[in-house]
Structures are given as C-alpha cells and as structure tokens.
Amino acid sequence: MNGIDPTNVQVLAAVLFALGVAVVLTRRNVFLLLMGVELMLNAVNLSFVGFSRELSGNESLWGQMTPLFIIAIAAAEACVGLAMVICIVRGRDTLDSDAFADMKE
Amino acid sequence: MFHILDPYLGPAFFWSFALISVLCGTGLFLARHPINGAINLIGVMLSLSGIYALLNSPFLAVLQVLVYAGAIMMLVVFVIMVLNQAKDHIIPQFDWFSLVALPLPVVLGFAMVSVLTKGPTVVVAGGEAGRIELPKDASNSLTVQFRAADAGANAVYSWDFGDQNRSTGREVVHRFAKPGSYTATLSVSDGTPALRSATVTVPVNDAVRGGVQALANSMFDTRRSGPGYYLLFELIGVLLLAAVVGAVVLAKRNLDSPEPPAAPAEGHH
C-alpha cells in the first residue's frame with residue numbers, strides 16, 4: 001500500500017521503548033515514572049502493529065488483538081496506579097518516589 | 001484507506017510522525033513539571049495513532065486516540081492537577097546502571113529486527129538462478145512486482161503466477177484480480193536442458209485489515225478463531241471493573257480519618 005519499511009517501524013518502537021526505560025530509570029517523580037511505563041507500553045504496541053502488517057490475512061489480526069488488550073490493561077493500570085499515588089501522597093506531601101522507599105520495610 | 005497517499009507520501013508521513021513522537025518522547029524525558037511531560041506524552045500517542053493508520057490498522061488508531069490520548073492521559077493530567085505541588089527538583093539523573101541499561105533495548109531491537117524481517121525469498125538447490133525476490137510490501141496490494149536473480153546472459157525466465165496468467169522476463173509486474181494466496185512459479189532455462197524452477201507463495205490482500213469488522217470477527221466468531229479471544233475479552237471486562245472499584249476504594253480510604261503526617265522524606269538529593 002504505502003512503502004513504509006517495516007524495519008523503520010521496529011527501530012522507532014525500540015527508540016521509544018528506550019526513552020521509556022530512560023524516563024523510568026532516571027526520573028524520581030511518581031507521575032513521570034507512570035508516564036514512562038505508558039511510553040514503553042505504547043512502543044510495544046507499535047512493534048506489534050508493525051509486525052502484524054508483515055503477516056497476511058487472518059494472521060495479521062493476531063498482531064492487532066494484542067495491542068487491543070494491552071490498551072485495556074493500560075487503562076486499568078493507570079486507574080489503580082493513580083489511585084495509589086493519591087493515597088500515598090496524601091499522607092506524605094511529596095511526589096519523590098525515593099521518599100516511598102520505606103514501604104519495603 | 002490512504003490510496004491517494006501511496007506510494008510516495010506514505011513514508012513522508014511516517015517520517016514526520018516518527019520525528020514528532022521521538023521529539024515528544026525526549027520532551028517527556030527532560031520535562032521539569034509532570035504536566036509538561038503529560039502534554040509531550042499525548043503528542044507521542046497522537047503521532048503513534050497516525051502511524052497505526054498508515055500501517056493499515058484504522059481501528060487501533062481510533063482506539064489509541066480515544067482510550068490512550070483521551071481517557072488515560074485525561075486521568076493523569078487530572079490527578080497531576082489535583083496534587084499540584086509536583087515540580088521535580090531532580091532533572092534526569094544518570095548513574096552507571098542507567099548508562100548500561102539505556103542502549104540495551106535499542107541494541108536488542110536492532111538484533112530482533114534483523115532476525116525477523118527477512119523478506120520472503122526462495123532459493124532453489126543448484127544455484128542462485130531460481131531465486132525470486134518479493135518486495136516486503138507484497139501482501140498489501142493487488143499489484144506485485146516479481147524479480148528473479150540473474151542467471152546469465154541467455155537465460156529465459158518464465159513466470160506462472162498461480163492465477164492462470166503467465167509472463168516472461170526477468171522483472172515482471174502482475175496485477176492479481178482478487179485477494180487471496182497465490183503460488184507463483186518461476187522457471188529458468190539457460191539453453192541447457194536442465195530447467196530450474198522456484199516457487200513462492202504470494203499473499204495478496206488489498207483490504208484494510210485492521211478494520212472494526214475484521215477485528216470483531218476474529219474476537220467474537222468463536223467457531224473460527226476459538227474461544228480464546230472471547231474469554232480474554234470478558235476477563236478484561238472483569239479486570240477493568242475490579243480496577244475501577246479498587247481505585248475508588250483506595251482513593252476514598254483516608255477521607256474520614258486522615259493519616260498522621262509521615263516521617264520527613266529521607267534520601268533527597
């Protein structure tokens with residue numbers, strides 16, 4: 001249809017995933033951590049769609065079903081995650097995730 | 001769907017969307033305030049939705065805008081504004097671990113791509129002569145370009161496209177009448193009696209494949225695709241319901257009896 005090289009799609013997905021990992025690893029704000037996870041999920045979705053285009057007929061739909069479910073699960077994750085952030089932040093008055101380190105004790 | 005755009009404008013649109021998404025991703029990485037990061041992430045999601053549309057998945061593109069850029073990011077922005085003290089005093093902070101871990105996904109991605117995206121080529125025993133090179137886009141159009149590997153000056157290439165049409169020549173372009181899976185056969189003779197041949201299966205499909213109907217068919221038509229997707233769909237519904245209830249319970253818990261203020265934050269930089 002239109003001559004997009006599937007390799008470029010996968011490279012873009014890898015770059016976006018790396019950016020998501022970078023955000024999660026280097027930022028300490030809880031919201032930025034959550035958004036980094038969302039960015040990684042998006043990159044994985046893009047990778048699925050890019051590969052699904054290379055398959056033919058019914059098989060190509062397998063690669064489009066998975067992003068559908070990933071999007072639904074991401075919605076659930078954002079919902080619960082933000083509720084937990086509200087719950088935690090209300091008692092501590094900070095959004096720095098290092099401040100939550102004592103939860104492991 | 002984008003017939004007007006092919007084949008020259010598709011890559012141009014793809015590159016501009018890719019540029020926007022990478023720039024916005026970098027913006028998220030460097031954002032000072034999480035609300036700036038959220039706006040940048042919405043930019044990433046919108047441009048990814050454009051790429052989905054270019055990649056033949058219009059339903060996912062719409063869903064990306066509705067659910068991701070709409071619902072999820074609206075929720076995130078809303079919560080950021082509720083807890084409006086969110087300025088991050090630590091701008092990206094690198095340690096040895098992240099310096100190692102950042103290039104890793106890129107390297108893995110390149111390795112995976114180089115393994116998985118080899119084109120459908122068929123090599124026949126006895127030499128290079130009978131090789132057919134199919135373009136990677138073969139499955140997305142009714143018109144398919146076939147090319148045979150070079151087999152010498154006086155070689156004769158004859159093609160049988162599998163739909164009762166034949167042609168000769170080293171490079172041929174054939175337009176299939178309707179979508180389907182065809183087995184194309186290439187026969188090469190270079191004067192000697194030995195005739196070499198190669199076959200390749202050509203998936204021909206010009207439908208927009210990620211449409212609502214196709215996805216709904218494979219999800220709800222349990223006779224054809226098994227009950228797996230249908231059960232997963234119901235399971236996701238239950239999961240979302242549980243998530244909503246859990247979120248409401250979590251967020252409302254401290255309203256009546258506020259927790260005593262916690263110990264001052266340790267580990268600040």
# chains A, B, ... in the order shown; residues from 1 in each chain; ligands from 1

$ select_by_dssp --residues "chain A" --states "alpha helix (DSSP H)" --output "JSON, numbers by chain"
{"A": [6, 7, 8, 9, 10, 11, 12, 13, 14, 15, 16, 17, 18, 19, 20, 21, 22, 23, 24, 25, 26, 30, 31, 32, 33, 34, 35, 36, 37, 38, 39, 40, 41, 42, 43, 44, 45, 46, 47, 48, 49, 50, 51, 52, 53, 54, 59, 60, 61, 62, 63, 64, 65, 66, 67, 68, 69, 70, 71, 72, 73, 74, 75, 76, 77, 78, 79, 80, 81, 82, 83, 84, 85, 86, 87, 88, 89, 90, 91, 92]}

$ residues_around --residues "B:Met45" --least-positions-apart "3" --cutoff "6 Å" --atoms "only C-alpha atoms" --output "PyMOL selection string"
chain B and resi 42+48+69

$ interface_residues --of "chain A" --to "chain B" --cutoff "7 Å" --atoms "only C-alpha atoms" --output "PyMOL selection string"
chain A and resi 1-4+7+10-12+14-19+21-23+25-27+29+31-32+50+53+56+61+64+72+75-76+78-80+83-84+86-87+91-92+95+98-99

$ closest_residue --among "A:Phe100, A:Leu82, A:Asn45, A:Leu34" --to "A:Thr66" --atoms "only C-alpha atoms"
A:Asn45

$ closest_residue --among "A:Trp62, A:Thr94, A:Glu77, A:Pro67" --to "A:Val30" --atoms "only C-alpha atoms"
A:Thr94
